[in-house]
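Here is the structure we will look at, set down as structure tokens.
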Amino acid sequence: MSSMSAGKKGSVIFSGFRALGLYSNHLAHVLRFHKKHREFYVLTAVGQCFHTFNVKKLGIVAVSNALPEDISSLAADRMLVYAAYGKLISAFAKNKEVVHTYTGHQADVHLLLPFGDHLISVDKDNVVIIWDVESEDTYLQISYDKASFEVSALMHPSTYLNKILFGSSQGSLQLWNIKSNKLLFTFPGWASAVTVLQQTPAIDVVGVGLASGQIIIHNIKFDETLMKFQQDWGPVTSLSFRTDGHPIMASGSPIGHIGLWDLEEKKLVSQMRDAHTTAIAGLTFLQNEPLLITNGADNSLRVWIFDVAGGDGRLLRQRTGHSAPPTKIQHHDKSGLNILSAGQDGTLQSFSTVHERFNKSLGHGTLNKTKAKKKGVMYDTAKLPAITTFASETGRQSDWDGIIACHRGFLVTTTWNYQKGSIGAHKLEPERFNKNRALNVHATAVDITSCGNFAVIALSSGHIDVYNMQSGFHRGHYGQDKAHAGPVRGVSVDALNQLTVSVGADRLLKIWKFKSKELLHTHSLPAPPASSLLHRDSGMLAIALDDFTIHILDMETRRTVRRFSGHRGQINDMTFSPDGRWLITASMDCTIRTWDLPSGSLVDCFLVDAAAVSLSMSPTGNFLASSHVDGLGIYLWSNNTLCSMVSLRPLPADYEPAVIMLPGTCPSKDTEEEEVSDSESSEMAEYISPAQLDEHLVTLSLLPDSRWKNLLHLDIIKKKNKPKEPPKLPKAAPFFIPTIPGLVPQFALPTSTPSEDQSKLVNLGVLAQKSTFYLQLENALDNNSYEEPIKLLRELGPSAIETELRGLSPDMGGDVRVMQSFLKMISSILHSKRDFDLAQAYLALFLKLHLRFIADQPELMKEAESVSAHLEETWMSMQTLLNQNICLLSYIKSALL
């Protein structure tokens with residue numbers, strides 16, 4: 001497969017497979033009952049698509065196709081799922097495919113309500129549209145005055161035929177008959193914005209949630225309030241009523257607490273505090289079951305069971321991912337089935353590539369585990385900041401902790417136990433800083449030996465310490481006092497615990513004896529290193545430098561064996577393929593590149609919308625895992641070389657990678673409910689650059705530099721290429737069809753042989769034949785269209801262009817008018833602001849050849865002055881734009897400083 005086809009495909013090696021750890025965002029979930037399966041399904045929005053889980057096991061059964069924008073509202077009826085995005089609404093069938101699209105709103109849609117064969121939608125401009133679901137036509141449109149009645153909630157009261165109840169941000173409610181388009185009744189409200197409207201199990205009675213935290217149980221038939229409750233945690237975000245015989249109402253709050261209210265005794269009976277770490281986006285009691293489903297923006301979906309009379313809900317099942325983006329991911333064991341992930345939310349989690357039920361959270365870092373258990377994560381004062389980097393080994397994980405982690409800006413490193421699923425026994429801190437804790441020293445890099453017995457910890461002060469993982473005792477340090485003069489950026493131990501290698505900001509790479517701590521070798525680096533990674537099996541050490549290059553050092557020979565350059569931004573992470581042949585790197589330039597170590601070349605490169613912050617290649621080589629800026633998920637890319645023949649070629653230096661969309665989430669293979677279907681999110685139309693971005697800017701041609709830069713140096717090139725001896729005529733020339741010299745191949749027409757009676761005198765008229773370019777310039781004087789001559793010049797090589805320009809002079813059979821036409825052509829290029837570089841090159845060569853002649857001709861001088869004015873005008877506008885940008889940049893810099 002050539003590099004060109006690779007460019008079209010995006011990536012030759014990797015194709016998007018699925019996303020892990022995405023469960024919910026800030027939108028309320030939607031509950032559906034499947035009559036055929038006789039079970040409930042819960043739908044949650046995640047960015048541009050929605051996921052369907054079965055309530056029975058919380059297993060993912062379907063993922064919708066991605067929409068162009070993030071979903072802003074989600075609703076469902078018996079047959080279809082409705083998702084609003086921007087000003088549009090799409091209807092999905094089978095939880096996957098778009099079957100209807102409703103267009104007509106002039107502002108973003110934020111509320112949806114399916115209603116029989118109709119769909120009601122409300123946009124931010126306060127326009128309510130009622131759609132006919134099948135025909136996609138507008139059945140009715142109601143426009144409210146935003147100042148007096150801004151729609152904030154809507155519902156259909158049970159048994160009320162064709163009637164919809166609207167709630168407003170001003171606090172009043174209106175009951176409409178949407179068939180006759182009549183306002184039936186207005187409820188004055190309770191002087192607070194309506195946030196939720198929910199039908200109670202009793203007919204005519206509606207639950208109203210207000211922004212003041214008040215919950216009103218109101219009879220809309222007689223317009224009388226039956227009871228009021230006050231929630232002290234801010235506005236009511238959601239309401240739900242139990243239908244299994246217990247008169248309980250649940251209310252959600254913006255701080256993650258749930259209140260449980262007894263409707264018979266009219267009081268708060270219980271509180272479920274910290275049900276979510278963010279606002280409760282949605283909560284729903286299952287019909288006739290003691291189960292409550294909740295979701296929140298903390299990327300979690302939970303099922304609670306009420307199996308104790310009058311008691312709290314007990315957590316039955318949950319799916320929880322990171323509530324803040326992951327910063328470091330790494331495969332945990334040799335099976336490649338579990339990925340450890342440290343997030344900005346301070347948690348360390350393990351995600352299974354097989355099924356969600358094998359996921360586990362190792363919890364939040366804390367200095368005091370017992371206190372944290374008593375107080376809870378939210379109120380833990382000894383909570384540790386987020387993990388920046390970690391190392392894990394499975395060799396002795398059954399006996400003691402097998403994971404060690406550094407925390408942001410923290411000197412103490414923590415150990416973690418994978419099997420117990422919690423923070424471990426040791427908090428490792430060097431004693432040398434006990435007297436002066438005010439020093440701003442923190443751990444920067446860690447590694448665990450392959451046997452799982454020792455941890456090597458590098459600090460920002462330049463120290464490197466060794467600890468025993470079982471006891472947590474200090475077992476020595478490298479160097480007399482410090483290992484490096486500046487912060488240590490990377491540390492690794494080889495496979496046999498013979499050598500330790502470290503790289504520091506002092507631009508030095510040092511190799512030490514692991515046991516005796518003796519310095520064996522020092523290697524100078526051309527720039528400060530950002531990080532390092534050792535592939536233990538092959539002994540190859542990859543070092544990412546601050547100048548965006550990567551150096552590969554062979555630990556055996558202690559020499560730099562490869563240098564890779566091409567990234568245009570900070571290198572965030574690197575990972576080796578299991579056999580050590582490939583190094584895969586992610587950078588802030590949004591590319592993921594695969595470098596082939598044996599050939600020393602770039603073999604694969606693709607772009608992603610959000611830069612990858614961490615990468616990990618599976619130890620079995622089947623998947624590459626990536627986490628991205630501002631993304632909560634971990635994305636898996638399948639390795640195509642394992643299942644099909646992929647021919648890898650070195651990519652050229654000017655290779656332009658294609659953008660690949662991040663893979664969606666696909667159902668697990670053992671899910672029985674629905675078919676596993678391929679997500680189309682990984683396919684994306686190739687971006688075609690427009691011919692001109694903006695008429696105020698100048699656009700350069702896409703021609704190679706050699707086609708126009710060499711025009712002014714043709715005499716030097718000719719001198720260098722001058723043959724040393726005349727060419728020898730071959731004895732028997734092979735048969736060939738003569739071609740006209742040029743970049744576009746054209747066959748020469750056969751010329752007739754001169755007959756004997758013809759004169760042998762040279763005819764200057766025949767020699768001075770007019771070329772196509774010359775004729776086109778003549779025609780352009782009349783019709784003032786220079787597209788054809790410009791197109792022809794673009795196709796010619798430098799020598800042919802020079803010949804054409806020389807032929808315009810009267811000495812060479814040309815004409816002053818044609819020369820004038822050429823200058824007009826340059827003016828037209830400058831006026832169009834396209835091919836700016838070509839116009840400059842052609843004009844420079846023209847002036848070099850004919851400057852003296854132009855000076856003698858008033859017509860040509862006048863035209864040349866016009867071209868000069870055009871040039872000056874274009875340059876002035878460009879200089880103004882450049883100055884504006886420089887001024888803005890310097891202002892921003894000064895503001896930052």
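In the structure tokens, the first chain shown is A, the next is B, and so on; residue numbers restart at 1 for each chain, and ligands run from 1 in the order shown.
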
Report the closest atom pair, with its distance in Å rounded to one decimal, for each residue of stretch 270-362 of chain A that has an atom no farther than 8 Å from stretch 620-628 of chain A; count only C-alpha atoms, sort by chain and then rising residue number, and write it as a Markdown table.
| residue | atom | partner | partner_atom | distance |
| --- | --- | --- | --- | --- |
| A:Pro325 | CA | A:His628 | CA | 7.5 |
| A:Pro326 | CA | A:Ser627 | CA | 6.4 |
| A:Thr327 | CA | A:Ser627 | CA | 7.3 |
| A:Lys328 | CA | A:Ser627 | CA | 7.7 |
| A:Ile329 | CA | A:Ser627 | CA | 7.2 |
| A:Lys334 | CA | A:Thr620 | CA | 7.3 |
| A:Ser335 | CA | A:Thr620 | CA | 6.8 |
| A:Gly336 | CA | A:Thr620 | CA | 6.1 |

With a distance cut-off of 7 Å and only C-alpha atoms, select the neighbouring residues of A:Leu711, excluding the residue or stretch itself and same-chain residues fewer than 3 positions from it, and output the selection as a short mmCIF file (atom, residue, chain, number, x, y, z; two decimals) with C-alpha atoms, in the first residue's frame.
data_model
loop_
_atom_site.label_atom_id
_atom_site.label_comp_id
_atom_site.auth_asym_id
_atom_site.auth_seq_id
_atom_site.Cartn_x
_atom_site.Cartn_y
_atom_site.Cartn_z
CA TRP A 708 9.28 28.67 -9.68
CA LEU A 714 18.61 29.26 -14.70
CA PRO A 798 11.53 26.51 -15.64
CA ALA A 841 8.72 34.66 -9.91
CA LEU A 845 12.30 36.72 -14.70
#

Neighbours of A:Asn181 within 10 Å (only C-alpha atoms; same-chain residues fewer than 6 positions away dropped), as a PyMOL selection string?
chain A and resi 140-142+162-163

With N, CA and C atoms kept, could you save the residues just selected as a CSV table (one decimal), in the first residue's frame?
chain,number,residue,atom,x,y,z
A,140,LEU,N,-48.0,22.2,14.4
A,140,LEU,CA,-48.4,23.4,15.1
A,140,LEU,C,-47.2,24.2,15.6
A,141,GLN,N,-47.2,25.5,15.6
A,141,GLN,CA,-46.1,26.3,16.1
A,141,GLN,C,-46.7,27.3,17.1
A,142,ILE,N,-46.2,27.4,18.3
A,142,ILE,CA,-46.6,28.3,19.3
A,142,ILE,C,-45.4,29.2,19.7
A,162,ASN,N,-55.0,15.3,24.4
A,162,ASN,CA,-54.4,16.4,23.6
A,162,ASN,C,-54.0,17.6,24.4
A,163,LYS,N,-53.7,17.4,25.7
A,163,LYS,CA,-53.3,18.5,26.6
A,163,LYS,C,-51.9,18.4,27.0

Using the chain letters and numbers from this document, which residues of stretch 279-360 of chain A does DSSP assign to strand (DSSP E or B), as a compact mmCIF listing (two decimals) with N, CA and C atoms, in the first residue's frame?
# COMPACT_ATOMS: atom_id res chain seq x y z
N ILE A 280 -27.43 15.77 40.06
CA ILE A 280 -28.22 14.60 39.62
C ILE A 280 -28.89 15.02 38.31
N ALA A 281 -28.45 14.43 37.19
CA ALA A 281 -29.00 14.82 35.89
C ALA A 281 -30.40 14.23 35.72
N GLY A 282 -30.58 12.99 36.14
CA GLY A 282 -31.89 12.35 36.01
C GLY A 282 -32.04 11.25 37.03
N LEU A 283 -33.26 11.07 37.53
CA LEU A 283 -33.54 9.90 38.39
C LEU A 283 -34.93 9.37 38.04
N THR A 284 -35.05 8.05 37.96
CA THR A 284 -36.31 7.41 37.58
C THR A 284 -36.51 6.14 38.38
N PHE A 285 -37.71 6.02 39.00
CA PHE A 285 -38.11 4.75 39.63
C PHE A 285 -38.67 3.85 38.53
N LEU A 291 -36.66 -0.11 42.41
CA LEU A 291 -35.35 0.25 41.82
C LEU A 291 -35.36 1.70 41.36
N LEU A 292 -34.28 2.42 41.65
CA LEU A 292 -34.12 3.81 41.23
C LEU A 292 -32.87 3.91 40.35
N ILE A 293 -33.04 4.51 39.17
CA ILE A 293 -31.89 4.70 38.26
C ILE A 293 -31.50 6.17 38.31
N THR A 294 -30.19 6.44 38.48
CA THR A 294 -29.71 7.83 38.49
C THR A 294 -28.51 7.96 37.57
N ASN A 295 -28.35 9.17 37.04
CA ASN A 295 -27.12 9.45 36.28
C ASN A 295 -26.72 10.90 36.51
N GLY A 296 -25.44 11.19 36.26
CA GLY A 296 -24.94 12.55 36.48
C GLY A 296 -23.80 12.87 35.54
N SER A 300 -21.23 8.72 35.49
CA SER A 300 -21.65 7.49 36.15
C SER A 300 -23.15 7.26 36.01
N LEU A 301 -23.51 5.99 35.93
CA LEU A 301 -24.89 5.53 35.83
C LEU A 301 -25.07 4.51 36.96
N ARG A 302 -26.07 4.73 37.83
CA ARG A 302 -26.21 3.86 39.02
C ARG A 302 -27.63 3.35 39.16
N VAL A 303 -27.74 2.12 39.68
CA VAL A 303 -29.03 1.53 40.00
C VAL A 303 -29.06 1.28 41.51
N TRP A 304 -30.07 1.84 42.20
CA TRP A 304 -30.22 1.70 43.65
C TRP A 304 -31.42 0.82 43.94
N ILE A 305 -31.32 -0.03 44.97
CA ILE A 305 -32.45 -0.90 45.34
C ILE A 305 -32.94 -0.52 46.74
N ARG A 314 -29.91 1.27 48.43
CA ARG A 314 -28.60 0.62 48.50
C ARG A 314 -28.10 0.47 47.07
N LEU A 315 -26.80 0.78 46.86
CA LEU A 315 -26.25 0.70 45.50
C LEU A 315 -26.23 -0.75 45.04
N LEU A 316 -26.94 -1.02 43.95
CA LEU A 316 -27.03 -2.39 43.44
C LEU A 316 -26.03 -2.61 42.30
N ARG A 317 -26.05 -1.69 41.34
CA ARG A 317 -25.12 -1.81 40.20
C ARG A 317 -24.70 -0.42 39.79
N GLN A 318 -23.50 -0.32 39.22
CA GLN A 318 -23.08 0.99 38.71
C GLN A 318 -22.07 0.84 37.58
N ARG A 319 -22.04 1.84 36.75
CA ARG A 319 -21.01 1.96 35.71
C ARG A 319 -20.40 3.34 35.90
N THR A 320 -19.13 3.38 36.29
CA THR A 320 -18.48 4.66 36.58
C THR A 320 -17.18 4.77 35.79
N PRO A 326 -8.59 11.43 31.73
CA PRO A 326 -7.43 10.62 32.14
C PRO A 326 -6.14 11.28 31.67
N THR A 327 -5.09 11.21 32.53
CA THR A 327 -3.81 11.83 32.16
C THR A 327 -2.77 10.78 31.79
N LYS A 328 -2.92 9.57 32.34
CA LYS A 328 -1.92 8.53 32.06
C LYS A 328 -2.63 7.18 32.01
N ILE A 329 -2.44 6.45 30.91
CA ILE A 329 -3.00 5.10 30.82
C ILE A 329 -1.88 4.11 30.52
N GLN A 330 -2.08 2.86 30.99
CA GLN A 330 -1.04 1.84 30.80
C GLN A 330 -1.68 0.46 30.95
N HIS A 331 -1.33 -0.47 30.07
CA HIS A 331 -1.82 -1.84 30.23
C HIS A 331 -1.20 -2.45 31.48
N ASN A 338 -6.62 -5.57 30.72
CA ASN A 338 -6.95 -4.50 31.67
C ASN A 338 -6.05 -3.28 31.45
N ILE A 339 -6.68 -2.11 31.45
CA ILE A 339 -5.93 -0.87 31.26
C ILE A 339 -6.08 -0.03 32.52
N LEU A 340 -4.95 0.29 33.14
CA LEU A 340 -4.97 1.17 34.31
C LEU A 340 -5.01 2.61 33.82
N SER A 341 -5.81 3.43 34.47
CA SER A 341 -5.96 4.81 34.03
C SER A 341 -6.02 5.75 35.22
N ALA A 342 -5.16 6.78 35.20
CA ALA A 342 -5.16 7.80 36.26
C ALA A 342 -5.76 9.06 35.68
N GLY A 343 -6.76 9.63 36.39
CA GLY A 343 -7.46 10.80 35.86
C GLY A 343 -7.22 12.05 36.68
N THR A 347 -8.59 9.84 40.76
CA THR A 347 -8.81 8.40 40.94
C THR A 347 -7.89 7.59 40.03
N LEU A 348 -7.67 6.34 40.45
CA LEU A 348 -6.96 5.36 39.62
C LEU A 348 -7.98 4.28 39.31
N GLN A 349 -8.20 4.00 38.03
CA GLN A 349 -9.23 3.03 37.65
C GLN A 349 -8.67 2.00 36.70
N SER A 350 -9.35 0.85 36.66
CA SER A 350 -8.96 -0.22 35.75
C SER A 350 -10.13 -0.50 34.83
N PHE A 351 -9.90 -0.43 33.52
CA PHE A 351 -10.95 -0.69 32.54
C PHE A 351 -10.66 -1.99 31.80
N SER A 352 -11.68 -2.83 31.69
CA SER A 352 -11.52 -4.11 31.00
C SER A 352 -11.86 -3.92 29.53
N LYS A 360 -12.87 -1.87 37.50
CA LYS A 360 -12.84 -1.57 38.93
C LYS A 360 -12.14 -0.25 39.19

Can you list, as a list in words, every protein, DNA or RNA residue that comes within 9 Å of A:Ser821 when you count only C-alpha atoms, leaving out same-chain residues fewer than 6 positions away?
Leu777, Glu778, Ala780 and Leu781 of chain A
